[in-house]
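Student: Input file: target_8.cif. Contents: mmCIF, C-alpha atoms and all ligand atoms.
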```cif
data_protein
#
loop_
_atom_site.label_atom_id
_atom_site.label_comp_id
_atom_site.auth_asym_id
_atom_site.auth_seq_id
_atom_site.Cartn_x
_atom_site.Cartn_y
_atom_site.Cartn_z
CA MET A 723 -18.08 -6.97 -21.60
CA SER A 724 -20.65 -4.40 -20.63
CA ILE A 725 -19.69 -0.99 -19.34
CA ASP A 726 -20.77 0.12 -15.89
CA PRO A 727 -22.06 3.67 -16.42
CA THR A 728 -21.86 4.47 -12.70
CA LEU A 729 -18.06 4.10 -12.55
CA LEU A 730 -17.17 7.79 -12.49
CA ASP A 731 -19.84 8.57 -9.89
CA ASP A 732 -18.47 5.77 -7.77
CA LEU A 733 -14.87 7.03 -8.15
CA GLU A 734 -16.01 10.52 -7.18
CA TRP A 735 -17.98 9.23 -4.21
CA ARG A 736 -14.88 7.35 -3.06
CA GLY A 737 -12.92 10.58 -3.28
CA LEU A 738 -10.57 9.05 -5.82
CA ILE A 739 -10.53 11.99 -8.19
CA ALA A 740 -8.45 14.83 -6.83
CA HIS A 741 -7.69 16.43 -10.21
CA SER A 742 -8.78 15.72 -13.73
CA THR A 743 -8.22 17.22 -17.15
CA ASP A 744 -11.87 17.41 -18.15
CA LEU A 745 -14.44 15.52 -16.14
CA ASP A 746 -17.30 15.87 -18.65
CA ALA A 747 -15.21 14.58 -21.52
CA LEU A 748 -13.96 11.76 -19.31
CA ARG A 749 -17.50 10.84 -18.34
CA GLU A 750 -18.50 10.81 -21.97
CA ALA A 751 -15.57 8.52 -22.83
CA LEU A 752 -16.12 6.18 -19.89
CA THR A 753 -19.78 5.65 -20.70
CA SER A 754 -19.48 5.16 -24.44
CA GLY A 755 -17.22 2.10 -24.56
CA SER A 756 -14.26 0.26 -23.11
CA VAL A 757 -11.54 2.87 -22.53
CA ARG A 758 -7.94 1.73 -22.76
CA PHE A 759 -6.15 3.26 -19.81
CA TYR A 760 -2.76 3.05 -18.20
CA VAL A 761 -1.05 3.55 -14.88
CA GLY A 762 2.68 3.30 -14.29
CA PHE A 763 4.87 2.05 -11.47
CA ASP A 764 8.57 2.71 -11.09
CA PRO A 765 10.77 -0.01 -9.63
CA THR A 766 12.35 2.21 -6.97
CA ALA A 767 12.28 -0.52 -4.31
CA PRO A 768 11.89 -4.31 -4.23
CA SER A 769 8.22 -3.85 -3.32
CA LEU A 770 5.31 -1.54 -3.92
CA HIS A 771 3.78 0.26 -0.95
CA LEU A 772 0.53 1.68 0.35
CA GLY A 773 0.52 4.66 -2.04
CA ASN A 774 0.86 2.34 -5.04
CA LEU A 775 -2.01 0.22 -3.73
CA VAL A 776 -4.40 3.13 -4.36
CA GLN A 777 -3.43 3.03 -8.06
CA ILE A 778 -3.58 -0.76 -8.30
CA LEU A 779 -7.05 -0.87 -6.78
CA THR A 780 -8.23 2.01 -8.94
CA ALA A 781 -7.04 0.13 -12.02
CA ARG A 782 -9.00 -2.87 -10.82
CA ARG A 783 -12.12 -0.73 -10.35
CA LEU A 784 -11.82 0.55 -13.92
CA GLN A 785 -11.33 -2.94 -15.26
CA GLN A 786 -14.31 -4.26 -13.31
CA ALA A 787 -16.38 -1.51 -14.91
CA GLY A 788 -15.42 -2.80 -18.36
CA HIS A 789 -12.32 -0.74 -19.24
CA THR A 790 -9.04 -2.13 -20.48
CA PRO A 791 -5.89 -1.78 -18.34
CA PHE A 792 -2.30 -1.36 -19.43
CA ALA A 793 -0.09 -1.65 -16.38
CA LEU A 794 3.30 -0.14 -17.01
CA VAL A 795 6.44 -1.02 -15.13
CA GLY A 796 9.16 1.57 -15.51
CA GLY A 797 12.21 -0.35 -16.63
CA ALA A 798 13.40 2.89 -18.26
CA THR A 799 12.04 5.54 -15.88
CA GLY A 800 13.31 3.47 -12.95
CA MET A 801 16.81 4.06 -14.33
CA ILE A 802 16.28 7.85 -14.18
CA GLY A 803 14.14 8.65 -11.12
CA ASP A 804 11.10 10.90 -10.86
CA PRO A 805 12.23 14.05 -9.04
CA ARG A 806 10.95 14.31 -5.50
CA GLU A 807 11.08 17.26 -3.16
CA SER A 808 13.47 15.65 -0.70
CA GLY A 809 16.34 15.69 -3.16
CA GLU A 810 18.26 13.95 -5.91
CA ARG A 811 18.01 10.17 -5.94
CA THR A 812 21.02 7.91 -6.22
CA LEU A 813 20.95 5.87 -9.40
CA ASN A 814 20.37 2.15 -9.04
CA SER A 815 22.30 -0.33 -11.14
CA ALA A 816 20.68 -1.78 -14.24
CA GLU A 817 20.64 -5.24 -12.61
CA THR A 818 18.85 -3.94 -9.54
CA VAL A 819 16.26 -2.10 -11.63
CA GLN A 820 15.72 -5.23 -13.73
CA GLU A 821 15.23 -7.38 -10.64
CA TRP A 822 12.77 -4.90 -9.13
CA VAL A 823 10.87 -4.64 -12.43
CA GLU A 824 10.13 -8.35 -12.16
CA ARG A 825 9.10 -8.15 -8.53
CA VAL A 826 6.82 -5.16 -9.10
CA ARG A 827 5.26 -6.85 -12.12
CA ARG A 828 4.48 -9.96 -10.07
CA GLN A 829 2.94 -7.80 -7.33
CA ILE A 830 0.56 -6.06 -9.71
CA GLU A 831 -0.58 -9.11 -11.67
CA PRO A 832 -2.90 -10.72 -9.09
CA PHE A 833 -5.03 -7.56 -8.94
CA LEU A 834 -5.94 -7.51 -12.63
CA SER A 835 -7.56 -9.98 -14.96
CA PHE A 836 -5.58 -11.10 -18.00
CA GLU A 837 -8.51 -12.82 -19.64
CA GLY A 838 -11.61 -11.82 -21.54
CA GLU A 839 -12.43 -8.94 -23.83
CA ASN A 840 -10.90 -6.29 -21.65
CA ALA A 841 -7.88 -8.32 -20.56
CA ALA A 842 -5.04 -6.38 -18.95
CA THR A 843 -1.64 -6.00 -20.63
CA MET A 844 1.65 -5.50 -18.82
CA VAL A 845 4.13 -3.20 -20.55
CA ASN A 846 7.65 -2.04 -19.78
CA ASN A 847 8.75 1.38 -21.04
CA HIS A 848 12.27 0.06 -21.49
CA ASP A 849 10.93 -1.66 -24.62
CA TRP A 850 10.42 1.60 -26.55
CA THR A 851 12.88 3.86 -24.76
CA ALA A 852 16.15 1.94 -24.71
CA SER A 853 16.62 1.81 -28.48
CA MET A 854 15.67 5.42 -29.15
CA SER A 855 18.45 7.71 -30.32
CA THR A 856 19.24 10.93 -28.50
CA ILE A 857 18.73 12.91 -31.68
CA ASP A 858 15.24 11.47 -32.18
CA PHE A 859 14.37 11.99 -28.54
CA LEU A 860 15.38 15.65 -28.61
CA ARG A 861 13.74 16.34 -31.96
CA ASP A 862 10.52 14.37 -31.60
CA ILE A 863 9.83 14.70 -27.90
CA GLY A 864 12.01 17.48 -26.48
CA LYS A 865 10.83 20.01 -29.04
CA HIS A 866 7.32 19.89 -27.53
CA PHE A 867 8.44 20.83 -24.03
CA PRO A 868 8.82 24.52 -23.20
CA VAL A 869 11.47 24.75 -20.51
CA ASN A 870 9.80 27.75 -18.87
CA ARG A 871 6.75 25.55 -18.17
CA MET A 872 8.87 22.70 -16.93
CA LEU A 873 10.55 25.11 -14.53
CA ALA A 874 7.21 26.25 -13.16
CA ARG A 875 6.29 22.80 -11.81
CA ASP A 876 6.18 22.71 -8.00
CA VAL A 877 8.60 19.87 -7.58
CA VAL A 878 11.13 21.48 -9.90
CA ARG A 879 10.76 24.88 -8.20
CA THR A 880 11.41 23.41 -4.78
CA ARG A 881 14.43 21.59 -6.11
CA LEU A 882 16.02 24.51 -7.97
CA GLU A 883 17.80 25.90 -4.96
CA ALA A 884 19.37 22.68 -3.68
CA GLY A 885 19.85 21.50 -7.25
CA ILE A 886 18.30 19.12 -9.72
CA SER A 887 20.22 17.15 -12.31
CA TYR A 888 19.37 17.29 -16.00
CA THR A 889 18.56 13.58 -15.64
CA GLU A 890 15.70 14.08 -13.19
CA PHE A 891 14.61 17.29 -14.88
CA SER A 892 14.06 15.25 -18.06
CA TYR A 893 11.93 12.60 -16.37
CA VAL A 894 8.64 14.21 -17.39
CA LEU A 895 9.59 13.81 -21.05
CA LEU A 896 9.99 10.06 -20.64
CA GLN A 897 6.66 9.57 -18.89
CA SER A 898 4.95 11.80 -21.47
CA MET A 899 6.54 9.78 -24.23
CA ASP A 900 5.10 6.62 -22.64
CA PHE A 901 1.60 8.02 -22.86
CA LEU A 902 2.19 9.06 -26.49
CA THR A 903 3.55 5.61 -27.36
CA LEU A 904 0.64 3.79 -25.72
CA PHE A 905 -1.78 6.20 -27.41
CA ARG A 906 -0.25 5.51 -30.84
CA ASP A 907 0.35 1.78 -30.51
CA HIS A 908 -2.60 0.68 -28.38
CA GLY A 909 -5.19 3.45 -28.46
CA VAL A 910 -4.69 4.26 -24.77
CA THR A 911 -6.52 7.51 -24.01
CA LEU A 912 -6.48 7.74 -20.22
CA GLN A 913 -3.72 7.81 -17.63
CA PHE A 914 -4.11 8.22 -13.91
CA GLY A 915 -1.68 8.39 -11.02
CA GLY A 916 -1.18 9.90 -7.57
CA SER A 917 -1.67 13.64 -7.21
CA ASP A 918 2.13 14.11 -7.11
CA GLN A 919 2.01 12.85 -10.72
CA TRP A 920 -0.17 15.67 -12.01
CA GLY A 921 2.64 17.36 -13.95
CA ASN A 922 3.67 14.07 -15.56
CA LEU A 923 0.07 13.21 -16.41
CA THR A 924 -0.74 16.52 -18.07
CA GLY A 925 2.66 16.45 -19.80
CA GLY A 926 1.50 13.35 -21.67
CA VAL A 927 -1.94 14.74 -22.52
CA GLU A 928 -0.27 17.87 -23.90
CA LEU A 929 2.31 15.88 -25.88
CA ILE A 930 -0.42 13.76 -27.49
CA ARG A 931 -2.20 16.95 -28.49
CA ARG A 932 0.91 18.62 -29.90
CA ALA A 933 2.53 15.66 -31.61
CA GLU A 934 -0.55 13.85 -32.79
CA GLY A 935 -3.45 16.27 -32.58
CA GLY A 936 -5.01 13.62 -30.31
CA ARG A 937 -7.32 13.87 -27.33
CA ALA A 938 -6.45 12.08 -24.12
CA HIS A 939 -7.54 12.32 -20.49
CA ALA A 940 -5.90 12.14 -17.10
CA PHE A 941 -6.95 12.14 -13.49
CA ALA A 942 -5.07 12.08 -10.23
CA THR A 943 -6.00 10.27 -7.04
CA PRO A 944 -5.56 12.10 -3.73
CA LEU A 945 -2.56 11.81 -1.49
CA ILE A 946 -3.39 9.63 1.50
CA THR A 947 -2.41 11.28 4.75
CA LYS A 948 -3.13 10.92 8.43
CA SER A 949 -5.47 13.42 10.05
CA ASP A 950 -2.48 15.57 11.03
CA GLY A 951 -1.47 15.78 7.37
CA THR A 952 1.65 13.61 7.61
CA LYS A 953 2.19 10.53 5.50
CA TYR A 954 1.27 7.07 6.71
CA GLY A 955 4.26 4.91 7.42
CA LYS A 956 6.60 7.72 8.42
CA THR A 957 6.26 7.29 12.16
CA GLU A 958 5.61 3.54 12.06
CA GLY A 959 9.23 3.22 10.99
CA GLY A 960 9.32 2.90 7.23
CA ALA A 961 6.94 2.56 4.34
CA LEU A 962 3.97 0.22 4.43
CA TRP A 963 5.16 -2.48 2.05
CA LEU A 964 2.94 -4.93 0.22
CA ASP A 965 5.63 -7.62 0.13
CA PRO A 966 5.10 -10.02 3.06
CA GLN A 967 8.87 -10.41 3.37
CA MET A 968 9.28 -6.67 3.94
CA MET A 969 6.26 -6.15 6.16
CA SER A 970 4.67 -9.16 7.80
CA PRO A 971 0.97 -9.60 7.04
CA TYR A 972 0.43 -9.41 10.80
CA ALA A 973 2.00 -5.95 10.99
CA PHE A 974 0.08 -4.92 7.87
CA TYR A 975 -3.17 -5.97 9.52
CA GLN A 976 -2.26 -4.16 12.74
CA PHE A 977 -1.59 -0.97 10.79
CA TRP A 978 -5.20 -0.87 9.53
CA LEU A 979 -6.51 -1.85 12.93
CA ASN A 980 -4.89 1.23 14.42
CA VAL A 981 -5.96 3.98 12.01
CA GLU A 982 -7.65 7.02 13.50
CA ASP A 983 -11.45 7.02 13.80
CA GLU A 984 -11.71 10.13 11.57
CA LYS A 985 -9.98 8.28 8.75
CA VAL A 986 -12.01 5.08 8.75
CA GLY A 987 -14.65 6.19 6.23
CA GLU A 988 -12.17 7.67 3.79
CA LEU A 989 -9.94 4.61 3.90
CA LEU A 990 -12.85 2.19 3.49
CA ARG A 991 -13.90 4.06 0.35
CA ILE A 992 -10.41 4.13 -1.16
CA PHE A 993 -9.04 0.74 -0.16
CA THR A 994 -12.00 -1.65 -0.19
CA PHE A 995 -14.47 -2.96 -2.74
CA LEU A 996 -17.37 -2.79 -0.29
CA SER A 997 -20.37 -1.07 -1.82
CA ARG A 998 -21.55 2.40 -0.89
CA GLU A 999 -24.41 0.91 1.20
CA GLU A 1000 -22.04 -1.42 3.04
CA ILE A 1001 -19.57 1.34 3.80
CA GLU A 1002 -22.25 3.75 4.95
CA ASP A 1003 -23.64 1.06 7.20
CA VAL A 1004 -20.22 0.38 8.76
CA GLU A 1005 -19.63 4.12 9.17
CA SER A 1006 -22.88 4.74 11.00
CA ARG A 1007 -22.44 1.73 13.26
CA HIS A 1008 -18.88 2.84 13.93
CA ALA A 1009 -19.99 6.38 14.79
CA GLU A 1010 -22.43 5.03 17.39
CA LYS A 1011 -19.85 2.94 19.21
CA PRO A 1012 -16.36 3.91 18.07
CA PHE A 1013 -14.80 1.96 20.94
CA LEU A 1014 -15.85 -1.30 19.28
CA ARG A 1015 -13.58 -0.32 16.37
CA LEU A 1016 -15.87 -1.92 13.81
CA GLY A 1017 -14.55 0.45 11.12
CA GLN A 1018 -10.91 -0.46 11.73
CA LYS A 1019 -11.69 -4.16 11.96
CA THR A 1020 -13.59 -4.09 8.68
CA LEU A 1021 -10.79 -2.15 7.03
CA ALA A 1022 -8.08 -4.47 8.34
CA GLU A 1023 -9.97 -7.55 7.23
CA GLN A 1024 -10.84 -6.24 3.78
CA VAL A 1025 -7.47 -4.80 2.83
CA THR A 1026 -5.42 -7.65 4.27
CA THR A 1027 -7.60 -10.09 2.34
CA LEU A 1028 -7.04 -8.14 -0.88
CA VAL A 1029 -3.28 -8.05 -0.43
CA HIS A 1030 -2.44 -11.25 1.45
CA GLY A 1031 -5.48 -13.48 0.85
CA ALA A 1032 -8.33 -14.80 2.96
CA GLU A 1033 -6.43 -17.66 4.57
CA GLU A 1034 -3.61 -15.49 5.88
CA THR A 1035 -6.17 -12.97 7.13
CA GLU A 1036 -8.02 -15.64 9.11
CA ARG A 1037 -4.77 -16.79 10.71
CA ILE A 1038 -3.94 -13.24 11.75
CA GLN A 1039 -7.42 -12.70 13.15
CA ALA A 1040 -7.19 -15.87 15.19
CA ALA A 1041 -3.83 -14.79 16.58
CA SER A 1042 -4.94 -11.23 17.38
CA ALA A 1043 -8.13 -12.44 19.02
CA ALA A 1044 -6.13 -14.80 21.19
CA LEU A 1045 -3.41 -12.31 22.05
CA PHE A 1046 -5.70 -9.45 22.95
CA GLY A 1047 -8.66 -11.40 24.20
CA THR A 1048 -9.50 -13.98 26.78
CA GLY A 1049 -9.73 -16.87 24.37
CA ASP A 1050 -8.13 -20.26 24.59
CA MET A 1051 -4.62 -20.05 23.25
CA THR A 1052 -3.76 -23.69 23.14
CA THR A 1053 -5.85 -24.16 19.98
CA LEU A 1054 -3.75 -21.68 17.98
CA SER A 1055 -1.43 -22.82 15.26
CA VAL A 1056 2.18 -22.44 16.30
CA GLU A 1057 3.07 -20.71 13.01
CA THR A 1058 0.44 -18.02 13.49
CA LEU A 1059 1.36 -17.50 17.08
CA ALA A 1060 5.05 -17.32 16.26
CA ALA A 1061 4.36 -14.73 13.52
CA ALA A 1062 2.17 -12.65 15.80
CA LEU A 1063 4.64 -12.84 18.64
CA GLY A 1064 7.52 -12.15 16.33
CA GLU A 1065 5.85 -8.81 15.67
CA ALA A 1066 4.82 -8.11 19.22
CA GLY A 1067 8.26 -9.10 20.45
CA ALA A 1068 9.47 -12.39 21.79
CA VAL A 1069 12.37 -13.61 23.88
CA ARG A 1070 14.02 -16.97 23.92
CA LEU A 1071 14.97 -18.74 27.13
CA GLU A 1072 17.23 -21.74 27.53
CA ARG A 1073 15.29 -24.67 28.82
CA GLY A 1074 16.47 -25.31 32.37
CA PRO A 1075 15.69 -28.16 34.78
CA ALA A 1076 12.45 -26.41 35.82
CA LEU A 1077 10.20 -23.98 33.99
CA PRO A 1078 10.58 -20.33 35.06
CA THR A 1079 8.20 -18.79 37.59
CA ILE A 1080 5.86 -15.98 36.68
CA VAL A 1081 8.24 -13.47 38.29
CA ASP A 1082 11.12 -14.82 36.18
CA LEU A 1083 8.95 -14.66 33.09
CA LEU A 1084 7.90 -11.04 33.61
CA VAL A 1085 11.50 -9.95 34.16
CA GLU A 1086 12.95 -12.00 31.30
CA ALA A 1087 10.26 -10.80 28.92
CA GLY A 1088 11.14 -7.23 29.80
CA LEU A 1089 7.68 -6.54 31.16
CA ALA A 1090 8.99 -5.70 34.64
CA ALA A 1091 12.14 -3.76 35.45
CA SER A 1092 12.90 -5.75 38.60
CA ARG A 1093 11.80 -8.82 40.50
CA GLY A 1094 10.13 -6.52 43.03
CA GLU A 1095 8.09 -4.84 40.35
CA ALA A 1096 7.20 -8.22 38.85
CA ARG A 1097 6.02 -9.48 42.22
CA ARG A 1098 3.82 -6.40 42.69
CA THR A 1099 2.32 -6.89 39.22
CA VAL A 1100 1.39 -10.44 40.21
CA THR A 1101 -0.09 -9.58 43.58
CA GLU A 1102 -2.06 -6.71 42.08
CA GLY A 1103 -3.62 -9.20 39.66
CA GLY A 1104 -2.02 -7.84 36.49
CA ALA A 1105 -0.02 -10.88 35.36
CA TYR A 1106 -1.22 -13.43 32.82
CA VAL A 1107 0.23 -16.47 31.15
CA ASN A 1108 -1.64 -17.58 28.02
CA ASN A 1109 -4.54 -15.30 29.00
CA GLN A 1110 -4.91 -16.93 32.42
CA ARG A 1111 -4.37 -14.69 35.42
CA VAL A 1112 -1.60 -15.87 37.74
CA SER A 1113 -1.87 -14.77 41.35
CA ASP A 1114 0.98 -16.63 43.02
CA PRO A 1115 4.40 -15.07 42.29
CA GLU A 1116 6.14 -18.43 42.83
CA ALA A 1117 3.84 -20.31 40.46
CA ALA A 1118 5.40 -21.72 37.30
CA PRO A 1119 3.68 -22.94 34.16
CA THR A 1120 3.61 -26.65 33.45
CA GLU A 1121 4.73 -28.47 30.31
CA SER A 1122 1.13 -28.70 29.12
CA ASP A 1123 0.91 -24.90 29.11
CA LEU A 1124 3.59 -24.66 26.43
CA ILE A 1125 1.88 -23.97 23.12
CA GLY A 1126 3.37 -26.18 20.44
CA GLY A 1127 5.66 -27.52 23.14
CA ARG A 1128 7.60 -24.25 23.51
CA TRP A 1129 5.63 -21.00 23.54
CA LEU A 1130 4.14 -18.97 26.36
CA VAL A 1131 2.40 -15.65 26.06
CA VAL A 1132 3.16 -13.45 29.03
CA ARG A 1133 0.98 -10.42 29.53
CA LYS A 1134 1.08 -7.52 31.93
CA GLY A 1135 -2.15 -5.59 32.34
CA LYS A 1136 -4.37 -5.29 29.31
CA LYS A 1137 -2.04 -4.49 26.49
CA SER A 1138 1.62 -5.31 27.09
CA PHE A 1139 2.57 -8.78 26.12
CA ARG A 1140 5.56 -10.71 24.93
CA GLY A 1141 6.14 -14.15 23.62
CA VAL A 1142 8.51 -16.38 25.50
CA GLU A 1143 10.00 -19.28 23.65
CA ILE A 1144 11.44 -21.99 25.83
CA ALA A 1145 13.90 -23.83 23.65
N1 LIG B 1201 6.34 8.46 -12.35
C1 LIG B 1201 5.51 7.45 -11.79
C2 LIG B 1201 5.73 6.10 -12.40
C3 LIG B 1201 5.47 6.08 -13.89
C4 LIG B 1201 6.49 5.83 -14.77
C5 LIG B 1201 6.27 5.83 -16.14
C6 LIG B 1201 4.99 6.10 -16.62
O1 LIG B 1201 4.77 6.14 -17.95
C7 LIG B 1201 3.95 6.34 -15.75
C8 LIG B 1201 4.20 6.34 -14.38
C9 LIG B 1201 5.78 7.39 -10.28
O2 LIG B 1201 6.81 7.83 -9.85
O3 LIG B 1201 4.99 6.89 -9.53
#
```
Please express the file's structure as structure tokens.
Ligand SMILES: N[C@@H](Cc1ccc(O)cc1)C(=O)O

Tutor:
Amino acid sequence: MSIDPTLLDDLEWRGLIAHSTDLDALREALTSGSVRFYVGFDPTAPSLHLGNLVQILTARRLQQAGHTPFALVGGATGMIGDPRESGERTLNSAETVQEWVERVRRQIEPFLSFEGENAATMVNNHDWTASMSTIDFLRDIGKHFPVNRMLARDVVRTRLEAGISYTEFSYVLLQSMDFLTLFRDHGVTLQFGGSDQWGNLTGGVELIRRAEGGRAHAFATPLITKSDGTKYGKTEGGALWLDPQMMSPYAFYQFWLNVEDEKVGELLRIFTFLSREEIEDVESRHAEKPFLRLGQKTLAEQVTTLVHGAEETERIQAASAALFGTGDMTTLSVETLAAALGEAGAVRLERGPALPTIVDLLVEAGLAASRGEARRTVTEGGAYVNNQRVSDPEAAPTESDLIGGRWLVVRKGKKSFRGVEIA
């Protein structure tokens, strides 16, 4: 496996290095051989989310450049909880943590290669933490942690007033012990994580120095925020999950399609494997005609393909093109349409003796508040069934209009549409 000497320049160009312990030493290490590195994920939910994806993709970049990944799932740290500013976490049961460990592990695996000279290894910190005695922990690890420095960390300072348990306060020792263990047992010399992990990352580097006289490196990736500084996912109603059961691939795709123009370049650099030339080309074409949304479309296609695969992405694209365009809907697969409409909203109508008229459809689909309003929408030319404009308020679709024998797409104006299932 040859080493790509341009890796660090590429990471910097992508804006992936927000903090680092010593960039020159890191560059030296990353160009002189395959570096064993690690990144950890806590099972705090049944699925990883957008923030974790930055780390997963960064790990993949390092592996593609010839370095050797250790992906850690926090079977132990997931039992404790990394302190966050919003307050003390509630402890999850051991069974729940165990179940989530497995799910998180399966989510990470497809992004890394487990073959070849620099094959990835999955590790679980429960393996070296669970059997450790309290006495050993306090003597061998605790002794290296000055409490005054632990108190100075931002997250701890913000928590001091409202309160922080000894459990969460100790978290940094566990993560630092992980780095030390991987350093000793596997020669791991680099850890990275999100910028909120900076204290935990440097804790490990410092512990390796104090306990072992060893040299290790760390860097932190930036926090991904919207242009107003708030987190993605907050206003969309929940985190952006990678698990298709928790966030449909269609909704995932739509999220990328709707990011702000100012963010397109940054997100393309962080979340795609397009080259610098390709990204710069998309950016300049996007800047010329932002209304074509080339940047968002590229982003949506690339990231959805990485997470949900090419086939699923094509299905979503076909559905979106049909829903928002003028295309022929009858050629769509019913599954894709149903998924897309499930997201956009769909209503179900009992099949009566005759199919409903366009006025009925607009009212039933919730696109018009009254029959009067529905009638006006039709006469003003703003009503569509399956992308075909309907101009007669009394007109009703025919059986052959029903996609897959039961679906209609009712649209009002350009953007509001609903699925109607006649069952
Ligand atoms: N603390 C990390 C997860 C982690 C756990 C253990 C480690 O050794 C490393 C990282 C997070 O909350 O995202």

Student: If you measure from atom CA of Ala751 of chain A to atom CA of Gly926 of chain A, what distance in Å do you get, rounded to one decimal?

Tutor: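 It comes out at 17.8 Å.
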
Student: So which residues touch Phe836 of chain A within 12 Å, counting only C-alpha atoms, skipping near sequence neighbours fewer than 3 positions away, as a PyMOL selection string?

Tutor: chain A and resi 782+785+790-793+830-833+839-844

Student: What is the distance, in Å and to one decimal place, between atom CA of Gly1126 of chain A and atom CA of Arg1140 of chain A?

Tutor: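 It comes out at 16.3 Å.
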
Student: If we count only C-alpha atoms and set the cut-off at 12 Å, which residues sit around Val826 of chain A, ignoring sequence neighbours fewer than 6 positions away in its own chain? Please answer as a VMD selection string.

Tutor: chain A and resid 762 to 771 774 to 775 778 793 to 797 800 819 to 820 832 844 to 846 963 to 965

Student: Just the selected residues (C-alpha atoms), exported as a compact mmCIF listing (two decimals), keeping the file's coordinate frame, please.

Tutor:
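Result saved to part03.txt:
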```txt
# COMPACT_ATOMS: atom_id res chain seq x y z
CA GLY A 762 2.68 3.30 -14.29
CA PHE A 763 4.87 2.05 -11.47
CA ASP A 764 8.57 2.71 -11.09
CA PRO A 765 10.77 -0.01 -9.63
CA THR A 766 12.35 2.21 -6.97
CA ALA A 767 12.28 -0.52 -4.31
CA PRO A 768 11.89 -4.31 -4.23
CA SER A 769 8.22 -3.85 -3.32
CA LEU A 770 5.31 -1.54 -3.92
CA HIS A 771 3.78 0.26 -0.95
CA ASN A 774 0.86 2.34 -5.04
CA LEU A 775 -2.01 0.22 -3.73
CA ILE A 778 -3.58 -0.76 -8.30
CA ALA A 793 -0.09 -1.65 -16.38
CA LEU A 794 3.30 -0.14 -17.01
CA VAL A 795 6.44 -1.02 -15.13
CA GLY A 796 9.16 1.57 -15.51
CA GLY A 797 12.21 -0.35 -16.63
CA GLY A 800 13.31 3.47 -12.95
CA VAL A 819 16.26 -2.10 -11.63
CA GLN A 820 15.72 -5.23 -13.73
CA PRO A 832 -2.90 -10.72 -9.09
CA MET A 844 1.65 -5.50 -18.82
CA VAL A 845 4.13 -3.20 -20.55
CA ASN A 846 7.65 -2.04 -19.78
CA TRP A 963 5.16 -2.48 2.05
CA LEU A 964 2.94 -4.93 0.22
CA ASP A 965 5.63 -7.62 0.13
```

Student: Let me have the centre and edge lengths of the axis-aligned box enclosing all listed atoms of ligand LIG 1201 (chain B) with 5 Å padding on every side, in Å to one decimal, as AutoDock Vina command-line options.

Tutor:
```
--center_x 5.4 --center_y 7.1 --center_z -13.7 --size_x 12.9 --size_y 12.6 --size_z 18.4
```

Student: Out of A:Ala1032, A:Leu1016, A:Ala938, A:Leu1071, which residue has the shortest atom-to-atom distance to Ala1145 of chain A when counting only C-alpha atoms?

Tutor: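 Counting only C-alpha atoms, the residue closest to Ala1145 of chain A is A:Leu1071.
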
Student: Can you measure atom CA of Glu1033 of chain A to atom CA of Asp1003 of chain A for me? One decimal in Å is fine.

Tutor: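 A separation of 25.6 Å between them.
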
Student: Quick one: everything within 12 Å of Ile863 of chain A, counting all atoms listed in the file, minus sequence neighbours fewer than 2 positions away in the same chain. Send it as number ranges by chain.

Tutor: A: 851, 854-861, 865-868, 892-903, 925-926, 928-930, 932-934

Student: Counting all atoms listed in the file, which of A:Gly755, A:Gly1127, A:Gly773, A:Gly1104 gets nearest to Thr947 of chain A?

Tutor: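 Ranking A:Gly755, A:Gly1127, A:Gly773, A:Gly1104 by distance to Thr947 of chain A, first place goes to A:Gly773.
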
Student: Any idea what's packed within 7 Å of Arg758 of chain A, counting only C-alpha atoms, ignoring anything in its chain fewer than 3 positions away? Could you give it as a PyMOL selection string?

Tutor: chain A and resi 789-791+909-912

Student: Using all atoms listed in the file, which residue out of A:Ala1044, A:Val1069, A:Leu1028, A:Ala942 lies closest to Ile739 of chain A?

Tutor: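 Under the stated criterion, the closest residue is A:Ala942.
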
Student: Restricting the calculation to all atoms listed in the file, which member of A:Leu738, A:Val1100, A:Ile802, A:Leu733 is positioned closest to ligand LIG 1201 (chain B)?

Tutor: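 Closest candidate: A:Ile802.
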
Student: Identify which of the residues A:Lys1011, A:Arg1037, A:Arg806, A:Lys953 lies closest to ligand LIG 1201 (chain B), counting all atoms listed in the file when measuring atom-to-atom distances.

Tutor: A:Arg806

Student: Go through A:Ile725, A:Met801, A:Ala1022, A:Leu730 and flag the residue nearest ligand LIG 1201 (chain B), using only C-alpha atoms and all ligand atoms for the distances.

Tutor: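 Comparing A:Ile725, A:Met801, A:Ala1022, A:Leu730 against ligand LIG 1201 (chain B), the winner is A:Met801.
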
Student: Neighbours of Asp746 of chain A within 12 Å (only C-alpha atoms; same-chain residues fewer than 6 positions away dropped), as a PyMOL selection string?

Tutor: chain A and resi 730-731+752-753+939
